[in-house]
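*Asks:* My structure is stored as input-v3.txt, with compact mmCIF, C-alpha atoms.
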```txt
# COMPACT_ATOMS: atom_id res chain seq x y z
CA MET N 982 -48.90 -69.15 -8.21
CA GLU N 983 -46.03 -68.75 -10.65
CA GLN N 984 -47.35 -65.37 -11.72
CA LYS N 985 -47.50 -64.18 -8.13
CA LEU N 986 -43.98 -65.33 -7.48
CA GLY N 987 -42.81 -63.52 -10.59
CA GLN N 988 -44.57 -60.37 -9.63
CA THR N 989 -43.05 -60.49 -6.14
CA GLY N 990 -39.54 -60.93 -7.56
CA THR N 991 -39.89 -58.02 -9.97
CA SER N 992 -41.15 -55.72 -7.24
CA HIS N 993 -38.11 -56.40 -5.06
CA GLU N 994 -35.53 -55.59 -7.73
CA PRO N 995 -36.17 -51.81 -8.03
CA GLN N 996 -36.11 -51.46 -4.25
CA ASP N 997 -32.73 -53.17 -4.01
CA ALA N 998 -31.34 -51.06 -6.83
CA ARG N 999 -32.65 -47.89 -5.19
CA ALA N 1000 -31.09 -48.81 -1.86
CA SER N 1001 -27.80 -49.54 -3.58
CA ARG N 1002 -27.82 -46.16 -5.31
CA ILE N 1003 -28.57 -44.38 -2.00
CA GLN N 1004 -25.69 -46.19 -0.29
CA TYR N 1005 -23.35 -45.32 -3.17
CA ARG N 1006 -24.30 -41.64 -3.04
CA PHE N 1007 -23.90 -41.58 0.74
CA ARG N 1008 -20.41 -43.10 0.50
CA PHE N 1009 -19.53 -40.65 -2.30
CA LEU N 1010 -20.66 -37.63 -0.28
CA LEU N 1011 -18.87 -39.00 2.77
CA ARG N 1012 -15.63 -39.23 0.79
CA ILE N 1013 -16.03 -35.65 -0.47
CA PHE N 1014 -16.72 -34.39 3.04
CA GLY N 1015 -13.71 -36.29 4.38
CA THR N 1016 -11.46 -34.85 1.67
CA ILE N 1017 -12.64 -31.27 2.33
CA LEU N 1018 -12.19 -31.75 6.08
CA LEU N 1019 -8.69 -33.15 5.57
CA LEU N 1020 -7.71 -30.25 3.29
CA TYR N 1021 -9.05 -27.75 5.84
CA LEU N 1022 -7.13 -29.36 8.70
CA LEU N 1023 -3.91 -29.47 6.66
CA THR N 1024 -4.26 -25.83 5.59
CA ALA N 1025 -5.41 -24.33 8.88
CA TYR N 1026 -3.24 -26.30 11.27
CA ILE N 1027 -0.11 -27.16 9.29
CA ILE N 1028 0.44 -25.15 6.09
CA LEU N 1029 -0.61 -21.66 7.19
CA PRO N 1030 1.12 -21.87 10.60
CA LEU N 1031 4.32 -22.96 8.84
CA VAL N 1032 4.06 -20.01 6.42
CA TRP N 1033 3.46 -17.61 9.31
CA LYS N 1034 6.37 -19.03 11.33
CA ASN N 1035 8.58 -18.74 8.26
CA ASP N 1036 7.76 -15.03 7.94
CA VAL N 1037 8.41 -14.47 11.63
CA ALA N 1038 11.75 -16.29 11.33
CA ARG N 1039 12.76 -14.03 8.43
CA HIS N 1040 11.86 -10.82 10.28
CA PRO N 1041 11.88 -11.59 14.01
CA ALA N 1042 12.76 -8.01 14.91
CA LEU N 1043 9.85 -6.52 12.95
CA PHE N 1044 7.39 -8.76 14.76
CA ASN N 1045 8.71 -7.47 18.09
CA ALA N 1046 7.92 -3.85 17.18
CA PRO N 1047 4.94 -1.98 18.69
CA ARG N 1048 1.60 -2.48 16.93
CA ILE N 1049 -0.35 0.54 18.14
CA THR N 1050 0.56 4.22 18.47
CA HIS N 1051 -0.52 6.28 21.50
CA THR N 1052 -1.58 9.81 22.19
CA ALA N 1053 0.43 11.97 24.58
CA ASP N 1054 -2.10 10.97 27.27
CA GLY N 1055 -1.42 7.28 26.72
CA ILE N 1056 -4.68 6.57 24.87
CA PRO N 1057 -4.29 3.97 22.06
CA GLY N 1058 -4.03 5.69 18.68
CA ASP N 1059 -3.86 4.49 15.07
CA PRO N 1060 -2.48 1.02 14.27
CA VAL N 1061 0.96 0.60 12.71
CA ASN N 1062 0.52 -0.84 9.21
CA LEU N 1063 3.67 0.12 7.26
CA ALA N 1064 7.43 -0.36 7.40
CA LEU N 1065 9.87 1.32 5.00
CA PHE N 1066 13.52 0.29 4.59
CA GLY N 1067 15.76 3.25 3.78
CA SER N 1068 17.27 6.49 4.99
CA GLU N 1069 15.34 9.64 5.84
CA GLU N 1070 16.33 10.99 2.43
CA ASP N 1071 14.91 7.86 0.78
CA VAL N 1072 11.61 8.26 2.62
CA LEU N 1073 11.33 11.94 1.72
CA ARG N 1074 12.28 11.31 -1.89
CA GLY N 1075 9.98 8.29 -2.24
CA MET N 1076 6.92 9.87 -0.68
CA THR N 1077 7.40 13.09 -2.66
CA ALA N 1078 7.75 11.10 -5.90
CA ALA N 1079 4.50 9.30 -4.97
CA HIS N 1080 2.80 12.75 -4.78
CA TRP N 1081 2.64 13.05 -1.00
CA PHE N 1082 3.20 16.41 0.72
CA PRO N 1083 5.19 16.82 3.97
CA ALA N 1084 2.96 18.07 6.77
CA ASP N 1085 3.97 21.16 8.72
CA PRO N 1086 4.74 20.83 12.44
CA ILE N 1087 1.97 21.84 14.84
CA THR N 1088 2.42 25.49 15.77
CA LEU N 1089 -0.04 28.24 16.66
CA ARG N 1090 0.23 29.59 13.14
CA SER N 1091 -0.25 26.23 11.38
CA SER N 1092 -3.14 25.32 13.73
CA LEU N 1093 -4.94 28.59 12.97
CA ARG N 1094 -4.29 28.09 9.27
CA ILE N 1095 -5.84 24.62 9.12
CA ALA N 1096 -8.85 25.86 11.11
CA VAL N 1097 -9.44 28.76 8.74
CA ASP N 1098 -8.83 26.61 5.64
CA SER N 1099 -11.31 24.01 6.91
CA VAL N 1100 -14.01 26.65 7.51
CA LEU N 1101 -13.41 28.50 4.23
CA ARG N 1102 -12.82 25.26 2.31
CA ARG N 1103 -9.41 26.26 1.04
CA PRO N 1104 -6.85 23.64 0.01
CA ASP N 1105 -3.86 23.19 2.32
CA THR N 1106 -1.30 20.65 1.12
CA SER N 1107 0.95 21.07 4.17
CA ALA N 1108 -1.66 21.19 6.95
CA PRO N 1109 -0.32 19.83 10.25
CA VAL N 1110 -1.33 16.43 11.63
CA SER N 1111 -1.92 15.73 15.30
CA THR N 1112 0.81 14.15 17.40
CA LEU N 1113 0.90 10.40 18.01
CA GLU N 1114 3.68 8.56 19.79
CA LEU N 1115 5.60 5.37 19.07
CA PHE N 1116 8.79 4.25 20.82
CA GLY N 1117 7.97 6.89 23.43
CA ARG N 1118 8.20 9.88 21.07
CA LYS N 1119 6.13 11.76 18.50
CA GLN N 1120 6.33 11.06 14.79
CA ASP N 1121 9.54 11.97 12.96
CA LEU N 1122 7.86 12.55 9.60
CA ALA N 1123 4.28 13.07 8.40
CA PHE N 1124 2.81 13.27 4.89
CA GLU N 1125 -0.61 13.94 3.42
CA GLN N 1126 -2.63 13.95 0.23
CA PRO N 1127 -5.56 16.39 0.28
CA VAL N 1128 -9.00 15.35 -0.94
CA GLY N 1129 -11.29 18.03 -2.33
CA ASP N 1130 -10.86 21.72 -1.60
CA SER N 1131 -10.14 21.71 2.14
CA PRO N 1132 -8.08 19.79 4.73
CA ARG N 1133 -11.24 18.28 6.22
CA GLN N 1134 -10.61 15.14 4.19
CA ARG N 1135 -7.15 13.80 3.41
CA HIS N 1136 -4.98 10.72 3.24
CA HIS N 1137 -2.19 10.96 5.77
CA VAL N 1138 0.59 8.91 7.31
CA ARG N 1139 3.01 9.33 10.20
CA PHE N 1140 6.47 7.70 10.32
CA TRP N 1141 8.79 6.92 13.22
CA ARG N 1142 12.44 5.96 12.77
CA TRP N 1143 13.27 2.74 14.60
CA ASP N 1144 16.21 2.80 16.97
CA ARG N 1145 17.63 -0.39 15.46
CA LEU N 1146 18.51 -1.74 12.01
CA GLU N 1147 17.02 -4.66 10.11
CA ASN N 1148 19.63 -6.44 7.93
CA GLY N 1149 21.76 -3.29 8.08
CA ARG N 1150 18.94 -1.03 6.92
CA GLU N 1151 17.13 1.79 8.67
CA VAL N 1152 13.46 1.03 9.36
CA TRP N 1153 10.60 3.52 9.44
CA PHE N 1154 7.32 2.33 10.94
CA GLY N 1155 4.21 4.10 9.69
CA ALA N 1156 0.54 4.47 10.57
CA ALA N 1157 -1.54 5.39 7.51
CA THR N 1158 -5.19 6.42 7.83
CA PHE N 1159 -7.81 8.44 5.97
CA ASP N 1160 -9.32 11.54 7.59
CA GLU N 1161 -13.04 11.42 6.76
CA ARG N 1162 -14.23 14.53 8.56
CA VAL N 1163 -13.57 17.01 11.35
CA GLY N 1164 -15.49 16.62 14.59
CA LEU N 1165 -15.22 16.19 18.35
CA SER N 1166 -13.20 13.33 19.78
CA HIS N 1167 -15.38 10.59 21.27
CA THR N 1168 -12.88 10.18 24.10
CA THR N 1169 -11.75 13.71 25.02
CA GLY N 1170 -14.22 16.04 23.32
CA GLN N 1171 -11.37 17.87 21.57
CA ILE N 1172 -11.64 18.98 17.93
CA THR N 1173 -10.02 16.33 15.78
CA HIS N 1174 -10.16 14.46 12.48
CA HIS N 1175 -12.19 11.24 12.44
CA ILE N 1176 -10.55 8.43 10.47
CA GLY N 1177 -12.09 5.85 8.17
CA PRO N 1178 -12.13 2.26 9.50
CA ASP N 1179 -10.35 0.58 6.55
CA VAL N 1180 -6.68 1.17 7.40
CA ASP N 1181 -5.60 -1.61 5.02
CA ALA N 1182 -6.80 0.43 2.04
CA GLU N 1183 -4.50 3.29 3.07
CA ARG N 1184 -1.59 0.92 3.61
CA ASP N 1185 -2.00 -0.72 0.20
CA ARG N 1186 -2.54 2.65 -1.46
CA ILE N 1187 0.82 3.97 -0.29
CA LEU N 1188 2.69 0.81 -1.28
CA SER N 1189 1.09 0.85 -4.72
CA GLN N 1190 2.02 4.51 -5.23
CA LEU N 1191 5.62 3.90 -4.15
CA GLN N 1192 5.84 1.05 -6.65
CA LYS N 1193 4.47 3.23 -9.44
CA ALA N 1194 7.02 5.94 -8.56
CA GLY N 1195 9.75 3.42 -9.43
CA LEU N 1196 11.83 3.93 -6.28
CA THR N 1197 11.30 0.59 -4.54
CA SER N 1198 13.32 -2.58 -5.00
CA GLU N 1199 10.59 -4.75 -3.49
CA VAL N 1200 7.21 -4.50 -1.83
CA TYR N 1201 5.62 -7.25 0.23
CA TRP N 1202 3.16 -7.96 3.05
CA LEU N 1203 3.97 -9.78 6.30
CA PRO N 1204 0.93 -11.67 7.65
CA GLY N 1205 0.22 -12.01 11.34
CA PHE N 1206 1.74 -8.69 12.44
CA HIS N 1207 -1.49 -7.71 14.18
CA THR N 1208 -3.10 -10.35 16.37
CA GLU N 1209 -5.84 -7.90 17.39
CA VAL N 1210 -7.40 -7.03 14.03
CA SER N 1211 -9.82 -4.33 15.20
CA GLY N 1212 -9.94 -1.54 17.73
CA LYS N 1213 -10.52 2.15 18.30
CA ASN N 1214 -8.05 5.03 18.03
CA GLY N 1215 -7.55 7.98 20.36
CA GLY N 1216 -10.59 9.78 18.93
CA GLY N 1217 -12.81 6.74 19.50
CA ASP N 1218 -12.96 5.87 15.79
CA PRO N 1219 -13.17 2.15 14.96
CA TRP N 1220 -10.59 0.55 12.66
CA HIS N 1221 -10.05 -2.94 11.27
CA THR N 1222 -7.20 -4.71 9.48
CA ASP N 1223 -6.32 -8.06 7.95
CA GLY N 1224 -3.32 -8.11 10.29
CA ARG N 1225 -0.60 -7.68 7.67
CA LEU N 1226 2.32 -5.26 7.83
CA GLY N 1227 3.08 -3.67 4.46
CA VAL N 1228 6.81 -3.38 3.74
CA ALA N 1229 8.69 -1.46 1.05
CA ALA N 1230 12.45 -1.34 0.46
CA PHE N 1231 13.79 1.63 -1.46
CA THR N 1232 16.08 1.20 -4.47
CA ALA N 1233 19.09 2.48 -2.53
CA PHE N 1234 19.34 -1.07 -1.17
CA THR N 1235 19.06 -3.09 -4.36
CA ASN N 1236 22.48 -4.61 -3.64
CA VAL N 1237 21.45 -5.83 -0.20
CA PRO N 1238 20.46 -9.53 -0.29
CA SER N 1239 16.72 -9.95 0.11
CA THR N 1240 15.35 -12.15 2.89
CA THR N 1241 11.77 -12.20 1.63
CA ASN N 1242 10.15 -12.91 -1.70
CA SER N 1243 7.96 -10.20 -3.12
CA SER N 1244 4.24 -10.87 -3.11
CA THR N 1245 1.08 -9.05 -3.97
CA PRO N 1246 -2.03 -8.76 -1.86
CA PRO N 1247 -4.98 -10.95 -2.77
```
For the file at hand, write its structure as structure tokens.
*Replies:*
Amino acid sequence: MEQKLGQTGTSHEPQDARASRIQYRFRFLLRIFGTILLLYLLTAYIILPLVWKNDVARHPALFNAPRITHTADGIPGDPVNLALFGSEEDVLRGMTAAHWFPADPITLRSSLRIAVDSVLRRPDTSAPVSTLELFGRKQDLAFEQPVGDSPRQRHHVRFWRWDRLENGREVWFGAATFDERVGLSHTTGQITHHIGPDVDAERDRILSQLQKAGLTSEVYWLPGFHTEVSGKNGGGDPWHTDGRLGVAAFTAFTNVPSTTNSSTPP
């Protein structure tokens, strides 16, 4: 009888210990899950909204600017992804120093030239770019960087001067895209360049090149500029963005107090 009682007692001890360990692990995992959930809620619903509101408060005017360009027919065009602080001379000097070429205006001669150069695969550093509108008018400036031996592929950007100042500085909004190939527009059937979808890469490329040229006092990114982070342009080409507006201030304004800390993209 004593032996049976002893055997019964020993058999219960491992089961109790096992149950205790399971309960301990469950409580431990529950605490980890609760901590992760709390951190997520704090970040998503308190910290990040406060950061975003802080950026909007620093640049309320920029966040009221148009987000999307339009064709002359009113069809949505390329997204705005850049803003430069400086005069027209600063923009011309900065983009030239960053190895960008001013694009020729669209004329019969320049249109025939880009067509011939595309067919014969001849380089054309000043080939015209199509017209897009912002603030109810076509671009004021346009620049390009050819790729390969013809204007079929190129990096290009259009700029529009804003009709107001930001902290006493002129503002130029830009739409930078990469022309992947020449083809027919998916919306109108006209001959056009088709852009690559990653407009952020073109935005960051320009800002990086301006920094390397040594003509900027600061470069930063404003999150939340685009609430719609994907779409299609006037040619029917898809694009996507992380929603940030890239901003560069030229060195002509180094004495102007800064309202934003510089930051680098992740």
*Asks:* For each of N:Ala1230, N:Asp997, N:Ile1003, N:Leu1011, take the minimum atom-to-atom distance to N:Arg1150, counting only C-alpha atoms, then give the residue where this is smallest.
*Replies:* N:Ala1230
*Asks:* Which is closer to N:Phe1124 than all the others in N:Gly1067, N:Pro1109, N:Pro995, N:Gly1015, using only C-alpha atoms?
*Replies:*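 Counting only C-alpha atoms, the residue closest to N:Phe1124 is N:Pro1109.
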*Asks:* Put a box with edges along x, y and z around all the listed atoms of stretch 991-1010 of chain N, pad it by 8 Å on each side, then give me its centre and sizes in Å, one decimal, as AutoDock Vina command-line options.
*Replies:*
```
--center_x -30.3 --center_y -47.8 --center_z -4.6 --size_x 37.6 --size_y 36.4 --size_z 26.7
```
*Asks:* Kindly indicate which residue among N:Val1138, N:Ala1079, N:Leu1226, N:Leu1018 lies nearest to N:Ala1046, using all atoms listed in the file for the distances.
*Replies:*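 The closest residue to N:Ala1046 is N:Leu1226.
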*Asks:* Let me make sure I understand: among N:Leu1073, N:Leu1022, N:Leu1063, N:Ala1000, which one has the smallest atom-to-atom distance to N:Trp1202 if we use only C-alpha atoms?
*Replies:*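 Distance minimum relative to N:Trp1202 lands on N:Leu1063.
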*Asks:* Is it possible to get the residues within 8 Å of (7.6, 7.0, 11.3) (coordinates as in the file, counting all atoms listed in the file) written as an mmCIF file with C-alpha atoms, in the coordinates of the input?
*Replies:*
```cif
data_model
loop_
_atom_site.group_PDB
_atom_site.id
_atom_site.type_symbol
_atom_site.label_atom_id
_atom_site.label_comp_id
_atom_site.auth_asym_id
_atom_site.auth_seq_id
_atom_site.Cartn_x
_atom_site.Cartn_y
_atom_site.Cartn_z
ATOM 1 C CA GLN N 1120 6.330 11.060 14.790
ATOM 2 C CA ASP N 1121 9.540 11.970 12.960
ATOM 3 C CA LEU N 1122 7.860 12.550 9.600
ATOM 4 C CA ALA N 1123 4.280 13.070 8.400
ATOM 5 C CA ARG N 1139 3.010 9.330 10.200
ATOM 6 C CA PHE N 1140 6.470 7.700 10.320
ATOM 7 C CA TRP N 1141 8.790 6.920 13.220
ATOM 8 C CA ARG N 1142 12.440 5.960 12.770
ATOM 9 C CA TRP N 1143 13.270 2.740 14.600
ATOM 10 C CA TRP N 1153 10.600 3.520 9.440
ATOM 11 C CA PHE N 1154 7.320 2.330 10.940
ATOM 12 C CA GLY N 1155 4.210 4.100 9.690
ATOM 13 C CA ALA N 1156 0.540 4.470 10.570
#
```
*Asks:* Could you please determine the separation between atom CA of N:Asn1045 and atom CA of N:Gly1212 in Å, to one decimal place?
*Replies:* 19.6 Å
*Asks:* Considering all atoms listed in the file, can you say which of N:Ile1176, N:Val1200, N:Ile1049, N:Ala998 comes closest to N:Glu1114?
*Replies:*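 Among the listed residues, the smallest separation from N:Glu1114 belongs to N:Ile1049.
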*Asks:* To one decimal place in Å, what is the distance between atom CA of N:Ala1053 and atom CA of N:Thr1112?
*Replies:*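 For atom CA of N:Ala1053 relative to atom CA of N:Thr1112, the distance reads 7.5 Å.
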*Asks:* Quick one: distance from atom CA of N:Lys1213 to atom CA of N:Arg1145 in Å, one decimal?
*Replies:*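 These atoms are spaced 28.4 Å apart.
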*Asks:* In terms of the shortest atom-to-atom distance over all atoms listed in the file, which of N:Gly1216, N:Thr1052, N:His1136, N:Phe1007 is closest to N:Arg1118?
*Replies:* N:Thr1052
*Asks:* Hey, what's within 6 Å of N:Glu1151 if we count all atoms listed in the file and toss same-chain stuff fewer than 4 positions away? As a short mmCIF file (atom, residue, chain, number, x, y, z; two decimals) with C-alpha atoms, in the frame of the given file, please?
*Replies:*
```cif
data_model
loop_
_atom_site.label_atom_id
_atom_site.label_comp_id
_atom_site.auth_asym_id
_atom_site.auth_seq_id
_atom_site.Cartn_x
_atom_site.Cartn_y
_atom_site.Cartn_z
CA PHE N 1066 13.52 0.29 4.59
CA GLY N 1067 15.76 3.25 3.78
CA SER N 1068 17.27 6.49 4.99
CA LEU N 1146 18.51 -1.74 12.01
#
```
*Asks:* Can you pull out the residues contacting N:Gly1195? Cut-off 9 Å, using only C-alpha atoms, and skip same-chain residues under 6 positions away; I want them as a list in words.
*Replies:*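 Selected residues are Gly1075, Ala1078 and Thr1232 of chain N.
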